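Printed here is target_10.pdb (PDB, C-alpha atoms and all ligand atoms):
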```
ATOM      1  CA  MET A 177      25.862 111.808 156.214
ATOM      2  CA  LYS A 178      28.935 110.359 154.550
ATOM      3  CA  ILE A 179      32.195 109.883 156.449
ATOM      4  CA  SER A 180      35.290 109.747 154.249
ATOM      5  CA  HIS A 181      37.915 108.774 156.843
ATOM      6  CA  ILE A 182      39.092 109.207 160.420
ATOM      7  CA  GLU A 183      40.410 112.779 160.352
ATOM      8  CA  HIS A 184      42.167 112.505 163.705
ATOM      9  CA  ILE A 185      42.241 110.829 167.095
ATOM     10  CA  GLY A 186      42.391 113.230 170.049
ATOM     11  CA  ILE A 187      44.546 112.149 172.982
ATOM     12  CA  ALA A 188      44.623 113.954 176.334
ATOM     13  CA  VAL A 189      48.144 114.335 177.760
ATOM     14  CA  ASN A 190      49.515 116.040 180.839
ATOM     15  CA  SER A 191      52.219 117.837 178.896
ATOM     16  CA  LEU A 192      53.099 118.149 175.213
ATOM     17  CA  GLU A 193      56.729 118.494 176.178
ATOM     18  CA  GLU A 194      56.609 115.076 177.794
ATOM     19  CA  ALA A 195      54.359 113.420 175.163
ATOM     20  CA  ILE A 196      55.931 114.631 171.886
ATOM     21  CA  PRO A 197      59.237 112.738 172.385
ATOM     22  CA  TYR A 198      57.318 109.459 172.755
ATOM     23  CA  TYR A 199      55.503 109.974 169.454
ATOM     24  CA  GLU A 200      58.675 111.168 167.691
ATOM     25  CA  LYS A 201      61.439 109.020 169.142
ATOM     26  CA  VAL A 202      59.574 105.802 169.899
ATOM     27  CA  LEU A 203      56.863 105.758 167.221
ATOM     28  CA  GLY A 204      58.934 107.648 164.646
ATOM     29  CA  LEU A 205      56.211 110.187 163.796
ATOM     30  CA  LYS A 206      56.940 113.841 163.150
ATOM     31  CA  CYS A 207      55.196 116.665 164.988
ATOM     32  CA  TYR A 208      54.356 119.146 162.219
ATOM     33  CA  ALA A 209      52.294 121.707 164.125
ATOM     34  CA  VAL A 210      51.747 122.987 167.653
ATOM     35  CA  GLU A 211      48.771 125.275 168.086
ATOM     36  CA  GLU A 212      46.914 126.812 171.011
ATOM     37  CA  VAL A 213      43.106 126.837 170.745
ATOM     38  CA  ALA A 214      42.268 129.479 173.328
ATOM     39  CA  ASP A 215      38.479 128.995 173.492
ATOM     40  CA  GLN A 216      38.990 125.243 174.093
ATOM     41  CA  LYS A 217      41.676 125.942 176.706
ATOM     42  CA  VAL A 218      44.122 123.550 175.056
ATOM     43  CA  LYS A 219      47.463 123.404 173.350
ATOM     44  CA  THR A 220      47.538 120.860 170.526
ATOM     45  CA  ALA A 221      50.316 119.000 168.715
ATOM     46  CA  PHE A 222      49.718 117.187 165.419
ATOM     47  CA  PHE A 223      51.260 114.115 163.794
ATOM     48  CA  LYS A 224      50.298 112.511 160.483
ATOM     49  CA  VAL A 225      49.712 108.781 160.186
ATOM     50  CA  GLY A 226      48.709 108.272 156.558
ATOM     51  CA  GLN A 227      45.487 110.217 156.004
ATOM     52  CA  THR A 228      44.770 110.305 159.720
ATOM     53  CA  LYS A 229      46.273 112.596 162.337
ATOM     54  CA  ILE A 230      47.039 112.208 165.993
ATOM     55  CA  GLU A 231      46.041 115.319 167.955
ATOM     56  CA  LEU A 232      47.660 115.587 171.377
ATOM     57  CA  LEU A 233      45.745 117.826 173.769
ATOM     58  CA  GLU A 234      47.356 119.543 176.729
ATOM     59  CA  SER A 235      45.063 121.509 179.005
ATOM     60  CA  THR A 236      45.906 125.162 179.634
ATOM     61  CA  ASP A 237      43.246 125.516 182.351
ATOM     62  CA  PRO A 238      42.096 122.887 184.901
ATOM     63  CA  GLU A 239      38.504 124.143 184.378
ATOM     64  CA  GLY A 240      38.669 123.574 180.609
ATOM     65  CA  PRO A 241      37.280 120.454 178.883
ATOM     66  CA  ILE A 242      40.618 118.587 178.766
ATOM     67  CA  GLY A 243      41.529 119.576 182.317
ATOM     68  CA  LYS A 244      38.209 118.182 183.549
ATOM     69  CA  PHE A 245      38.522 115.048 181.408
ATOM     70  CA  ILE A 246      41.983 114.223 182.820
ATOM     71  CA  GLU A 247      40.790 114.832 186.362
ATOM     72  CA  LYS A 248      37.878 112.405 185.872
ATOM     73  CA  LYS A 249      39.346 109.748 183.595
ATOM     74  CA  GLY A 250      43.075 110.327 183.456
ATOM     75  CA  VAL A 251      45.187 110.749 180.329
ATOM     76  CA  GLY A 252      44.475 108.736 177.190
ATOM     77  CA  VAL A 253      42.166 108.619 174.186
ATOM     78  CA  HIS A 254      39.761 111.570 174.365
ATOM     79  CA  HIS A 255      37.836 111.667 171.088
ATOM     80  CA  LEU A 256      37.471 110.316 167.568
ATOM     81  CA  ALA A 257      37.079 112.769 164.696
ATOM     82  CA  PHE A 258      35.475 111.795 161.407
ATOM     83  CA  ALA A 259      35.898 113.787 158.203
ATOM     84  CA  VAL A 260      32.630 114.737 156.525
ATOM     85  CA  GLU A 261      31.894 116.984 153.583
ATOM     86  CA  ASN A 262      29.844 119.562 155.472
ATOM     87  CA  VAL A 263      29.764 119.700 159.281
ATOM     88  CA  ASN A 264      26.539 121.703 159.568
ATOM     89  CA  GLU A 265      24.626 119.263 157.379
ATOM     90  CA  ALA A 266      26.157 116.234 159.118
ATOM     91  CA  LEU A 267      25.162 117.640 162.540
ATOM     92  CA  LYS A 268      21.596 118.080 161.309
ATOM     93  CA  ASP A 269      21.538 114.493 160.004
ATOM     94  CA  VAL A 270      22.741 112.955 163.274
ATOM     95  CA  GLU A 271      20.418 115.158 165.321
ATOM     96  CA  ALA A 272      17.522 113.947 163.171
ATOM     97  CA  SER A 273      18.570 110.401 164.139
ATOM     98  CA  GLY A 274      18.018 111.302 167.787
ATOM     99  CA  VAL A 275      21.640 111.873 168.770
ATOM    100  CA  GLN A 276      22.291 114.520 171.393
ATOM    101  CA  LEU A 277      24.699 117.206 170.154
ATOM    102  CA  ILE A 278      27.242 119.261 172.049
ATOM    103  CA  ASP A 279      27.469 121.690 169.112
ATOM    104  CA  LYS A 280      24.290 122.508 167.201
ATOM    105  CA  THR A 281      26.342 124.057 164.409
ATOM    106  CA  GLY A 282      29.988 123.933 163.412
ATOM    107  CA  ARG A 283      32.607 126.118 165.028
ATOM    108  CA  LYS A 284      36.259 126.787 164.339
ATOM    109  CA  GLY A 285      38.702 124.162 165.618
ATOM    110  CA  ALA A 286      42.447 123.577 165.297
ATOM    111  CA  GLU A 287      43.942 123.773 161.800
ATOM    112  CA  GLY A 288      41.101 126.002 160.626
ATOM    113  CA  LEU A 289      38.688 123.069 160.403
ATOM    114  CA  ASN A 290      34.973 123.471 160.947
ATOM    115  CA  ILE A 291      34.099 121.105 163.806
ATOM    116  CA  GLY A 292      31.158 119.907 165.878
ATOM    117  CA  PHE A 293      30.914 117.426 168.759
ATOM    118  CA  LEU A 294      28.303 114.749 169.463
ATOM    119  CA  HIS A 295      27.488 113.959 173.076
ATOM    120  CA  PRO A 296      29.130 110.744 174.355
ATOM    121  CA  LYS A 297      25.836 109.827 176.078
ATOM    122  CA  SER A 298      24.409 109.305 172.583
ATOM    123  CA  THR A 299      27.485 107.684 171.019
ATOM    124  CA  LEU A 300      28.084 104.670 173.275
ATOM    125  CA  GLY A 301      30.645 106.514 175.367
ATOM    126  CA  VAL A 302      32.896 107.736 172.553
ATOM    127  CA  LEU A 303      33.185 111.510 172.364
ATOM    128  CA  THR A 304      32.762 112.011 168.612
ATOM    129  CA  GLU A 305      33.780 114.984 166.516
ATOM    130  CA  LEU A 306      32.759 115.689 162.952
ATOM    131  CA  CYS A 307      34.935 117.982 160.894
ATOM    132  CA  SER A 308      35.179 119.460 157.439
ATOM    133  CA  GLU A 309      37.574 121.811 155.671
TER
HETATM  134 ZN    ZN B   1      39.658 116.937 167.616
END
```
Take the structure in the file and write it out as structure tokens.
Ligand code: ZN
Amino acid sequence: MKISHIEHIGIAVNSLEEAIPYYEKVLGLKCYAVEEVADQKVKTAFFKVGQTKIELLESTDPEGPIGKFIEKKGVGVHHLAFAVENVNEALKDVEASGVQLIDKTGRKGAEGLNIGFLHPKSTLGVLTELCSE
């Protein structure tokens, strides 16, 4: 597997409405997209920082993955996403290395990317996402 760069950093927030002004007014970044990903039960907001994006995640359902994460750990950094050429092949490679996967094959994520998650139990506590165009 070859990682080209950090595609984005996912950050769990209580509310996009409350979080976006911090990123725009204090950090001077520009929110260029807000998108709901219904099957993940989140609303996302994106900012570009060079080649890397910040993905803010607001839960739309307390039983969804972000709702549960915030309940357990509070708001803050949720996951790291690496850009790879082909998610399905990269998932196979890491699985062959003994890493436990959340997604056996890629699925559709925000921005039309093909994404797959590795289990934080196998990644030293960092929820890790692989994504490709
Ligand atoms: Zn992500």
| said: Between CA of Tyr208 (chain A) and CA of Pro241 (chain A), what is the distance in Å, rounded to a tenth? | reply: 23.9 Å
| message | What residues of the protein or nucleic acid chains come within 7 Å of ligand ZN 1 (chain B) when you use all atoms listed in the file? Reply as a PyMOL selection string. | response | chain A and resi 184-186+231+255-257+305
| query | Where does the PyMOL selection byres (((chain A and resi 252) around 9) and not hetatm) land in this file, that is, which residues does it pick, as JSON, numbers by chain? | reply | {"A": [186, 187, 188, 189, 246, 249, 250, 251, 253, 254]}
Take the residues that were just selected and, keeping C-alpha atoms, output them as a PDB file, keeping the file's coordinate frame.
```
ATOM      1  CA  GLY A 186      42.391 113.230 170.049  1.00  0.00           C
ATOM      2  CA  ILE A 187      44.546 112.149 172.982  1.00  0.00           C
ATOM      3  CA  ALA A 188      44.623 113.954 176.334  1.00  0.00           C
ATOM      4  CA  VAL A 189      48.144 114.335 177.760  1.00  0.00           C
ATOM      5  CA  ILE A 246      41.983 114.223 182.820  1.00  0.00           C
ATOM      6  CA  LYS A 249      39.346 109.748 183.595  1.00  0.00           C
ATOM      7  CA  GLY A 250      43.075 110.327 183.456  1.00  0.00           C
ATOM      8  CA  VAL A 251      45.187 110.749 180.329  1.00  0.00           C
ATOM      9  CA  VAL A 253      42.166 108.619 174.186  1.00  0.00           C
ATOM     10  CA  HIS A 254      39.761 111.570 174.365  1.00  0.00           C
TER      11      HIS A 254
END
```
Rows by chain and residue number, region 178-273 of chain A within 10 Å of region 290-296 of chain A, shortest pair, all atoms listed in the file, as JSON lines:
```
{"residue": "A:His255", "atom": "CA", "partner": "A:Phe293", "partner_atom": "CA", "distance": 9.3}
{"residue": "A:Leu256", "atom": "CA", "partner": "A:Phe293", "partner_atom": "CA", "distance": 9.7}
{"residue": "A:Ala257", "atom": "CA", "partner": "A:Phe293", "partner_atom": "CA", "distance": 8.7}
{"residue": "A:Phe258", "atom": "CA", "partner": "A:Ile291", "partner_atom": "CA", "distance": 9.7}
{"residue": "A:Ala259", "atom": "CA", "partner": "A:Ile291", "partner_atom": "CA", "distance": 9.4}
{"residue": "A:Val260", "atom": "CA", "partner": "A:Ile291", "partner_atom": "CA", "distance": 9.8}
{"residue": "A:Asn262", "atom": "CA", "partner": "A:Asn290", "partner_atom": "CA", "distance": 8.5}
{"residue": "A:Val263", "atom": "CA", "partner": "A:Ile291", "partner_atom": "CA", "distance": 6.4}
{"residue": "A:Asn264", "atom": "CA", "partner": "A:Gly292", "partner_atom": "CA", "distance": 8.0}
{"residue": "A:Ala266", "atom": "CA", "partner": "A:Gly292", "partner_atom": "CA", "distance": 9.2}
{"residue": "A:Leu267", "atom": "CA", "partner": "A:Gly292", "partner_atom": "CA", "distance": 7.2}
{"residue": "A:Val270", "atom": "CA", "partner": "A:Leu294", "partner_atom": "CA", "distance": 8.5}
{"residue": "A:Glu271", "atom": "CA", "partner": "A:Leu294", "partner_atom": "CA", "distance": 8.9}
```
| task | Extract, using all atoms listed in the file, all DNA, RNA and protein residues at most 12 Å from Lys244 (chain A), discarding same-chain residues fewer than 4 positions from it, and format them as an NGL selection string. | result | :A and (188 or 190 or 216-218 or 234-240 or 248-251 or 254)
| What is the CA of Val213 (chain A) to CA of Gly285 (chain A) distance in Å? |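 Spanning CA of Val213 (chain A) to CA of Gly285 (chain A) is a straight-line distance of 7.3 Å.
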| query | So how far away is CA of Gln276 (chain A) from CA of Thr304 (chain A), in Å? | reply |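 Taking CA of Thr304 (chain A) and CA of Gln276 (chain A), their separation equals 11.1 Å.
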| message | Selection in question (the file shown): the PyMOL selection byres (((chain A and resi 222) around 7) and not hetatm). Which residues does it include, as JSON, numbers by chain? | response | {"A": [207, 208, 209, 210, 220, 221, 223, 224, 229, 230, 231, 232]}
| Contact residues around Ile196 (chain A) with only C-alpha atoms at 9 Å, ignoring same-chain residues under 2 positions, as a ChimeraX atom specification | /A:191-194,198-201,206-207,221,232
Can you write out the residues you just picked, keeping C-alpha atoms, as a CSV table (one decimal), keeping the file's coordinate frame?
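Result saved to result19.csv:
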```csv
chain,number,residue,atom,x,y,z
A,191,SER,CA,52.2,117.8,178.9
A,192,LEU,CA,53.1,118.1,175.2
A,193,GLU,CA,56.7,118.5,176.2
A,194,GLU,CA,56.6,115.1,177.8
A,198,TYR,CA,57.3,109.5,172.8
A,199,TYR,CA,55.5,110.0,169.5
A,200,GLU,CA,58.7,111.2,167.7
A,201,LYS,CA,61.4,109.0,169.1
A,206,LYS,CA,56.9,113.8,163.2
A,207,CYS,CA,55.2,116.7,165.0
A,221,ALA,CA,50.3,119.0,168.7
A,232,LEU,CA,47.7,115.6,171.4
```
| Which residue, A:Ile182, A:Ala195, A:Met177, A:Ala214, has the smallest gap to Asp269 (chain A) when you use only C-alpha atoms? | A:Met177
| Residue among A:Lys178, A:Lys297, A:Glu309, A:Leu205 lying closest to Gly282 (chain A), counting only C-alpha atoms |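 So, comparing all the options, the nearest one is A:Glu309.
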